[in-house]
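Okay, data.cif is below, mmCIF, N, CA, C and O atoms:
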```cif
data_upload
loop_
_atom_site.label_atom_id
_atom_site.label_comp_id
_atom_site.auth_asym_id
_atom_site.auth_seq_id
_atom_site.Cartn_x
_atom_site.Cartn_y
_atom_site.Cartn_z
N MET A 651 -52.46 148.19 244.82
CA MET A 651 -53.08 148.03 246.12
C MET A 651 -52.01 148.26 247.21
O MET A 651 -50.89 147.78 247.08
N GLU A 652 -52.39 148.99 248.22
CA GLU A 652 -51.51 149.22 249.36
C GLU A 652 -52.19 148.69 250.61
O GLU A 652 -53.37 148.96 250.84
N LEU A 653 -51.45 147.93 251.40
CA LEU A 653 -51.97 147.37 252.64
C LEU A 653 -51.01 147.68 253.77
O LEU A 653 -49.79 147.69 253.58
N THR A 654 -51.57 147.89 254.96
CA THR A 654 -50.75 148.01 256.15
C THR A 654 -50.40 146.58 256.60
O THR A 654 -51.03 145.61 256.16
N ILE A 655 -49.43 146.46 257.50
CA ILE A 655 -49.09 145.15 258.06
C ILE A 655 -50.33 144.54 258.72
O ILE A 655 -50.57 143.34 258.62
N GLN A 656 -51.14 145.38 259.38
CA GLN A 656 -52.36 144.90 260.04
C GLN A 656 -53.35 144.34 259.01
O GLN A 656 -53.95 143.29 259.22
N GLN A 657 -53.54 145.06 257.88
CA GLN A 657 -54.46 144.59 256.84
C GLN A 657 -53.94 143.32 256.17
O GLN A 657 -54.73 142.44 255.82
N LEU A 658 -52.64 143.22 256.03
CA LEU A 658 -52.02 142.05 255.40
C LEU A 658 -52.37 140.76 256.16
O LEU A 658 -52.54 139.71 255.55
N LYS A 659 -52.52 140.87 257.47
CA LYS A 659 -52.82 139.70 258.31
C LYS A 659 -54.12 139.01 257.91
O LYS A 659 -54.31 137.83 258.20
N GLN A 660 -55.02 139.75 257.25
CA GLN A 660 -56.31 139.17 256.83
C GLN A 660 -56.12 138.13 255.72
O GLN A 660 -57.04 137.37 255.42
N PHE A 661 -54.95 138.11 255.09
CA PHE A 661 -54.71 137.24 253.94
C PHE A 661 -53.72 136.13 254.30
O PHE A 661 -52.76 135.87 253.59
N ASP A 662 -53.99 135.48 255.46
CA ASP A 662 -53.07 134.46 255.98
C ASP A 662 -53.51 133.03 255.66
O ASP A 662 -52.91 132.07 256.14
N GLY A 663 -54.56 132.89 254.85
CA GLY A 663 -55.02 131.56 254.48
C GLY A 663 -56.08 130.98 255.39
O GLY A 663 -56.64 129.93 255.10
N SER A 664 -56.39 131.66 256.49
CA SER A 664 -57.39 131.14 257.43
C SER A 664 -58.81 131.27 256.88
O SER A 664 -59.69 130.53 257.28
N ASP A 665 -59.04 132.21 255.95
CA ASP A 665 -60.34 132.39 255.31
C ASP A 665 -60.20 131.92 253.86
O ASP A 665 -59.55 132.57 253.04
N ALA A 666 -60.79 130.77 253.56
CA ALA A 666 -60.64 130.15 252.24
C ALA A 666 -61.19 131.02 251.10
O ALA A 666 -60.85 130.81 249.94
N SER A 667 -62.02 132.02 251.44
CA SER A 667 -62.58 132.88 250.39
C SER A 667 -61.63 134.02 250.00
O SER A 667 -61.89 134.74 249.05
N LYS A 668 -60.54 134.16 250.75
CA LYS A 668 -59.57 135.23 250.46
C LYS A 668 -58.28 134.65 249.91
O LYS A 668 -57.91 133.53 250.26
N PRO A 669 -57.56 135.43 249.10
CA PRO A 669 -56.26 134.96 248.62
C PRO A 669 -55.24 134.94 249.76
O PRO A 669 -55.49 135.47 250.84
N ILE A 670 -54.11 134.30 249.51
CA ILE A 670 -53.02 134.23 250.49
C ILE A 670 -51.90 135.14 250.00
O ILE A 670 -51.45 135.00 248.86
N TYR A 671 -51.47 136.06 250.86
CA TYR A 671 -50.42 137.00 250.51
C TYR A 671 -49.21 136.83 251.42
O TYR A 671 -49.35 136.56 252.62
N VAL A 672 -48.03 137.02 250.84
CA VAL A 672 -46.78 137.09 251.59
C VAL A 672 -46.04 138.32 251.08
O VAL A 672 -45.94 138.51 249.86
N ALA A 673 -45.55 139.14 251.99
CA ALA A 673 -44.78 140.32 251.58
C ALA A 673 -43.29 140.04 251.72
O ALA A 673 -42.86 139.28 252.59
N LEU A 674 -42.54 140.66 250.83
CA LEU A 674 -41.08 140.51 250.79
C LEU A 674 -40.51 141.84 250.35
O LEU A 674 -40.87 142.33 249.28
N LYS A 675 -39.68 142.45 251.20
CA LYS A 675 -39.09 143.75 250.89
C LYS A 675 -40.15 144.77 250.48
O LYS A 675 -39.96 145.55 249.57
N GLY A 676 -41.30 144.72 251.17
CA GLY A 676 -42.36 145.69 250.95
C GLY A 676 -43.28 145.38 249.78
O GLY A 676 -44.30 146.03 249.61
N LYS A 677 -42.96 144.36 248.99
CA LYS A 677 -43.82 143.95 247.88
C LYS A 677 -44.74 142.85 248.36
O LYS A 677 -44.30 141.93 249.05
N ILE A 678 -46.01 142.93 247.98
CA ILE A 678 -46.97 141.90 248.38
C ILE A 678 -47.17 140.95 247.20
O ILE A 678 -47.53 141.38 246.10
N PHE A 679 -46.93 139.67 247.46
CA PHE A 679 -47.09 138.63 246.45
C PHE A 679 -48.34 137.81 246.76
O PHE A 679 -48.59 137.47 247.91
N ASP A 680 -49.11 137.49 245.70
CA ASP A 680 -50.26 136.60 245.85
C ASP A 680 -49.73 135.17 245.68
O ASP A 680 -49.41 134.75 244.56
N VAL A 681 -49.62 134.46 246.79
CA VAL A 681 -49.06 133.11 246.78
C VAL A 681 -50.15 132.04 246.85
O VAL A 681 -49.88 130.89 247.19
N THR A 682 -51.38 132.42 246.50
CA THR A 682 -52.51 131.50 246.60
C THR A 682 -52.27 130.22 245.81
O THR A 682 -52.66 129.14 246.26
N THR A 683 -51.60 130.32 244.66
CA THR A 683 -51.33 129.11 243.87
C THR A 683 -50.39 128.16 244.61
O THR A 683 -50.33 126.98 244.28
N GLY A 684 -49.68 128.67 245.61
CA GLY A 684 -48.80 127.84 246.43
C GLY A 684 -49.42 127.53 247.78
O GLY A 684 -48.71 127.39 248.78
N LYS A 685 -50.76 127.42 247.82
CA LYS A 685 -51.42 127.25 249.12
C LYS A 685 -51.03 125.96 249.84
O LYS A 685 -51.12 125.88 251.05
N SER A 686 -50.51 124.98 249.10
CA SER A 686 -50.04 123.77 249.79
C SER A 686 -48.82 124.09 250.66
O SER A 686 -48.55 123.41 251.65
N PHE A 687 -48.09 125.16 250.31
CA PHE A 687 -46.94 125.62 251.11
C PHE A 687 -47.34 126.69 252.12
O PHE A 687 -46.91 126.66 253.26
N TYR A 688 -48.15 127.66 251.68
CA TYR A 688 -48.44 128.85 252.49
C TYR A 688 -49.79 128.80 253.21
O TYR A 688 -50.04 129.59 254.10
N GLY A 689 -50.65 127.88 252.81
CA GLY A 689 -51.96 127.75 253.45
C GLY A 689 -51.84 127.04 254.79
O GLY A 689 -50.76 126.58 255.18
N PRO A 690 -52.96 126.95 255.52
CA PRO A 690 -52.96 126.29 256.83
C PRO A 690 -52.36 124.90 256.76
O PRO A 690 -52.70 124.11 255.88
N GLY A 691 -51.40 124.63 257.64
CA GLY A 691 -50.75 123.34 257.70
C GLY A 691 -49.58 123.18 256.73
O GLY A 691 -48.86 122.19 256.78
N GLY A 692 -49.39 124.18 255.85
CA GLY A 692 -48.29 124.12 254.89
C GLY A 692 -46.95 124.39 255.57
O GLY A 692 -46.89 124.99 256.65
N SER A 693 -45.87 123.97 254.93
CA SER A 693 -44.55 124.10 255.54
C SER A 693 -44.10 125.56 255.72
O SER A 693 -43.21 125.83 256.52
N TYR A 694 -44.72 126.50 254.97
CA TYR A 694 -44.37 127.92 255.12
C TYR A 694 -45.59 128.76 255.54
O TYR A 694 -45.63 129.95 255.31
N CYS A 695 -46.57 128.11 256.20
CA CYS A 695 -47.80 128.81 256.59
C CYS A 695 -47.54 129.97 257.55
O CYS A 695 -48.30 130.94 257.58
N MET A 696 -46.42 129.91 258.30
CA MET A 696 -46.12 130.98 259.25
C MET A 696 -45.80 132.30 258.55
O MET A 696 -45.83 133.34 259.17
N PHE A 697 -45.51 132.28 257.25
CA PHE A 697 -45.21 133.51 256.50
C PHE A 697 -46.46 134.15 255.91
O PHE A 697 -46.43 135.32 255.51
N ALA A 698 -47.56 133.41 255.82
CA ALA A 698 -48.78 133.90 255.18
C ALA A 698 -49.36 135.09 255.95
O ALA A 698 -49.44 135.06 257.18
N GLY A 699 -49.71 136.13 255.22
CA GLY A 699 -50.29 137.31 255.84
C GLY A 699 -49.26 138.19 256.54
O GLY A 699 -49.62 139.05 257.33
N LYS A 700 -47.98 137.97 256.25
CA LYS A 700 -46.92 138.72 256.93
C LYS A 700 -45.84 139.14 255.95
O LYS A 700 -45.78 138.64 254.83
N ASP A 701 -44.97 140.04 256.40
CA ASP A 701 -43.76 140.35 255.65
C ASP A 701 -42.69 139.39 256.18
O ASP A 701 -42.32 139.45 257.34
N ALA A 702 -42.23 138.51 255.32
CA ALA A 702 -41.29 137.46 255.72
C ALA A 702 -39.84 137.78 255.35
O ALA A 702 -38.99 136.90 255.34
N SER A 703 -39.54 139.05 255.07
CA SER A 703 -38.21 139.43 254.59
C SER A 703 -37.08 138.92 255.47
O SER A 703 -36.16 138.24 255.00
N ARG A 704 -37.12 139.26 256.75
CA ARG A 704 -36.02 138.90 257.65
C ARG A 704 -35.90 137.38 257.78
O ARG A 704 -34.79 136.83 257.74
N ALA A 705 -37.02 136.71 257.93
CA ALA A 705 -37.01 135.25 258.10
C ALA A 705 -36.41 134.56 256.88
O ALA A 705 -35.60 133.63 257.02
N LEU A 706 -36.78 135.00 255.69
CA LEU A 706 -36.24 134.38 254.48
C LEU A 706 -34.75 134.68 254.34
O LEU A 706 -33.97 133.81 253.94
N ALA A 707 -34.35 135.90 254.67
CA ALA A 707 -32.93 136.26 254.61
C ALA A 707 -32.11 135.37 255.53
O ALA A 707 -30.99 134.95 255.19
N LYS A 708 -32.66 135.06 256.70
CA LYS A 708 -31.95 134.27 257.71
C LYS A 708 -32.25 132.77 257.59
O LYS A 708 -31.74 131.98 258.37
N MET A 709 -33.11 132.42 256.61
CA MET A 709 -33.53 131.02 256.45
C MET A 709 -34.08 130.49 257.77
O MET A 709 -33.71 129.43 258.25
N SER A 710 -34.97 131.27 258.36
CA SER A 710 -35.51 130.98 259.70
C SER A 710 -37.03 130.92 259.66
O SER A 710 -37.68 131.64 258.90
N LYS A 711 -37.59 130.05 260.48
CA LYS A 711 -39.05 129.99 260.66
C LYS A 711 -39.44 130.46 262.06
O LYS A 711 -40.57 130.30 262.48
N ASN A 712 -38.50 131.06 262.77
CA ASN A 712 -38.76 131.54 264.13
C ASN A 712 -39.64 132.78 264.10
O ASN A 712 -39.41 133.69 263.30
N ASP A 713 -40.61 132.82 265.01
CA ASP A 713 -41.56 133.94 265.07
C ASP A 713 -40.86 135.29 265.13
O ASP A 713 -41.29 136.24 264.47
N GLU A 714 -39.78 135.38 265.92
CA GLU A 714 -39.12 136.68 266.09
C GLU A 714 -38.45 137.16 264.81
O GLU A 714 -38.15 138.34 264.66
N ASP A 715 -38.22 136.26 263.86
CA ASP A 715 -37.59 136.65 262.60
C ASP A 715 -38.61 136.99 261.50
O ASP A 715 -38.24 137.50 260.45
N ILE A 716 -39.87 136.68 261.73
CA ILE A 716 -40.88 136.91 260.70
C ILE A 716 -41.35 138.36 260.78
O ILE A 716 -42.33 138.70 261.44
N CYS A 717 -40.59 139.23 260.12
CA CYS A 717 -40.88 140.66 260.12
C CYS A 717 -40.17 141.32 258.94
O CYS A 717 -39.41 140.68 258.22
N ALA A 718 -40.43 142.59 258.77
CA ALA A 718 -39.87 143.34 257.64
C ALA A 718 -38.48 143.89 257.91
O ALA A 718 -37.79 144.31 256.99
N SER A 719 -38.05 143.89 259.17
CA SER A 719 -36.78 144.53 259.54
C SER A 719 -35.59 143.87 258.87
O SER A 719 -35.39 142.66 258.96
N LEU A 720 -34.79 144.68 258.20
CA LEU A 720 -33.55 144.20 257.59
C LEU A 720 -32.33 144.66 258.39
O LEU A 720 -31.20 144.41 257.98
N ASP A 721 -32.57 145.30 259.54
CA ASP A 721 -31.48 145.81 260.39
C ASP A 721 -30.53 144.69 260.80
O ASP A 721 -30.96 143.64 261.28
N GLY A 722 -29.25 144.95 260.61
CA GLY A 722 -28.23 144.03 261.09
C GLY A 722 -28.02 142.78 260.25
O GLY A 722 -27.24 141.92 260.64
N LEU A 723 -28.70 142.68 259.11
CA LEU A 723 -28.48 141.51 258.27
C LEU A 723 -27.11 141.61 257.60
O LEU A 723 -26.68 142.69 257.21
N SER A 724 -26.46 140.48 257.46
CA SER A 724 -25.15 140.45 256.80
C SER A 724 -25.32 140.57 255.29
O SER A 724 -26.43 140.44 254.76
N GLU A 725 -24.21 140.81 254.62
CA GLU A 725 -24.23 140.89 253.16
C GLU A 725 -24.71 139.56 252.57
O GLU A 725 -25.48 139.54 251.61
N LYS A 726 -24.28 138.46 253.16
CA LYS A 726 -24.71 137.13 252.70
C LYS A 726 -26.22 136.97 252.86
O LYS A 726 -26.90 136.46 251.96
N GLU A 727 -26.75 137.38 254.02
CA GLU A 727 -28.20 137.27 254.26
C GLU A 727 -28.98 138.13 253.27
O GLU A 727 -30.04 137.72 252.78
N MET A 728 -28.47 139.32 252.97
CA MET A 728 -29.14 140.17 251.98
C MET A 728 -29.13 139.50 250.60
O MET A 728 -30.11 139.59 249.86
N GLY A 729 -28.05 138.81 250.29
CA GLY A 729 -27.98 138.06 249.03
C GLY A 729 -29.01 136.95 248.98
O GLY A 729 -29.66 136.73 247.95
N VAL A 730 -29.16 136.25 250.10
CA VAL A 730 -30.17 135.19 250.20
C VAL A 730 -31.56 135.79 249.99
O VAL A 730 -32.38 135.25 249.24
N LEU A 731 -31.83 136.93 250.62
CA LEU A 731 -33.12 137.60 250.48
C LEU A 731 -33.37 138.01 249.03
O LEU A 731 -34.47 137.82 248.50
N ASN A 732 -32.35 138.55 248.38
CA ASN A 732 -32.49 138.95 246.97
C ASN A 732 -32.79 137.74 246.08
O ASN A 732 -33.57 137.84 245.14
N ASP A 733 -32.19 136.59 246.40
CA ASP A 733 -32.48 135.36 245.66
C ASP A 733 -33.93 134.94 245.85
O ASP A 733 -34.61 134.55 244.90
N TRP A 734 -34.42 135.04 247.09
CA TRP A 734 -35.83 134.72 247.36
C TRP A 734 -36.74 135.66 246.58
O TRP A 734 -37.75 135.23 246.01
N GLU A 735 -36.39 136.95 246.56
CA GLU A 735 -37.20 137.92 245.84
C GLU A 735 -37.31 137.54 244.36
O GLU A 735 -38.40 137.58 243.78
N LYS A 736 -36.21 137.14 243.75
CA LYS A 736 -36.23 136.72 242.33
C LYS A 736 -37.12 135.50 242.14
O LYS A 736 -37.87 135.42 241.16
N LYS A 737 -37.03 134.54 243.07
CA LYS A 737 -37.87 133.33 242.98
C LYS A 737 -39.35 133.70 243.06
O LYS A 737 -40.16 133.19 242.29
N PHE A 738 -39.68 134.57 244.01
CA PHE A 738 -41.07 134.99 244.17
C PHE A 738 -41.56 135.72 242.92
O PHE A 738 -42.66 135.46 242.44
N GLU A 739 -40.74 136.62 242.40
CA GLU A 739 -41.13 137.40 241.21
C GLU A 739 -41.36 136.49 240.00
O GLU A 739 -42.22 136.78 239.18
N ALA A 740 -40.60 135.41 239.91
CA ALA A 740 -40.75 134.49 238.78
C ALA A 740 -42.00 133.61 238.92
O ALA A 740 -42.55 133.15 237.93
N LYS A 741 -42.44 133.41 240.15
CA LYS A 741 -43.50 132.44 240.41
C LYS A 741 -44.86 133.05 240.77
O LYS A 741 -45.90 132.46 240.46
N TYR A 742 -44.86 134.20 241.44
CA TYR A 742 -46.10 134.76 241.96
C TYR A 742 -46.28 136.21 241.52
O TYR A 742 -45.31 136.96 241.45
N PRO A 743 -47.55 136.60 241.28
CA PRO A 743 -47.77 138.01 240.90
C PRO A 743 -47.62 138.97 242.08
O PRO A 743 -48.01 138.66 243.20
N VAL A 744 -47.03 140.14 241.80
CA VAL A 744 -46.96 141.22 242.79
C VAL A 744 -48.30 141.95 242.70
O VAL A 744 -48.69 142.39 241.62
N ILE A 745 -49.00 142.05 243.82
CA ILE A 745 -50.33 142.68 243.78
C ILE A 745 -50.36 144.02 244.50
O ILE A 745 -51.39 144.68 244.51
N GLY A 746 -49.25 144.42 245.10
CA GLY A 746 -49.24 145.69 245.79
C GLY A 746 -48.03 145.85 246.66
O GLY A 746 -47.03 145.17 246.50
N SER A 747 -48.17 146.77 247.63
CA SER A 747 -47.05 147.03 248.54
C SER A 747 -47.56 147.30 249.95
O SER A 747 -48.71 147.65 250.16
N VAL A 748 -46.64 147.13 250.89
CA VAL A 748 -46.94 147.37 252.30
C VAL A 748 -46.63 148.85 252.57
O VAL A 748 -45.60 149.35 252.15
N VAL A 749 -47.55 149.51 253.26
CA VAL A 749 -47.36 150.93 253.61
C VAL A 749 -47.21 151.11 255.11
O VAL A 749 -47.64 150.29 255.88
#
```
Hey, can you dump this file as structure tokens for me?
Amino acid sequence: MELTIQQLKQFDGSDASKPIYVALKGKIFDVTTGKSFYGPGGSYCMFAGKDASRALAKMSKNDEDICASLDGLSEKEMGVLNDWEKKFEAKYPVIGSVV
């Protein structure tokens, strides 16, 4: 499955009949099983329906960091992002990619 960033927004947890997706480095993960974290009111709900690559790399929940851009990230931040990617891959199924 391929989704645009705009289409990805439909899977933010606001519609209980749809799964919850979070993208990381262009991969879309179905995080529905973690809805207590990613669903409405969850501690990571701001990442639902978005590509959270930059925010996770920077360990940030700021709106301006919740995007796919990896521009200007340090080597350490890229390492943090790669660690997040491994955690997601171990826990959640990859269902597609962002185009």
Next item on the list: Would you list the contacts of A:Tyr694 as number ranges by chain, taking every protein, DNA or RNA residue within 8 Å and counting all atoms listed in the file, but skipping same-chain residues closer than 4 positions in sequence?
Entry: A: 662, 684-690, 698-699, 711
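Coordinates place atom C of A:Asp733 at a distance of 22.5 Å from atom C of A:Met651.
Atom pair atom O of A:Ile745 / atom O of A:Asp665: separated by 16.9 Å.
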Next item on the list: Could you please determine the separation between atom CA of A:Lys659 and atom CA of A:Tyr742 in Å, to one decimal place?
Entry: 18.4 Å
Next item on the list: Check the smallest atom-to-atom distance from each of A:Ala707, A:Leu658, A:Phe679, A:Gly722 to A:Phe738 using only N, CA, C and O atoms, then report the winner.
Entry: A:Phe679
Margin query: With the PyMOL selection byres ((chain A and resi 748) around 4.5) as the selection, what would be picked from this file? Answer as a count of residues only, please.
Written below: 4
Notebook entry, point to check: Using the chain letters and numbers from this document, which residues of stretch 658-744 of chain A does DSSP assign to helix (DSSP H, G or I), as number ranges by chain?
Noted result: A: 658-661, 682-688, 695-697, 703-708, 713-715, 725-741
Checklist line | Backbone-only DSSP, strand (DSSP E or B) members of chain A, as a PyMOL selection string | finding: chain A and resi 652-653+671-674+677-680+701+744-748
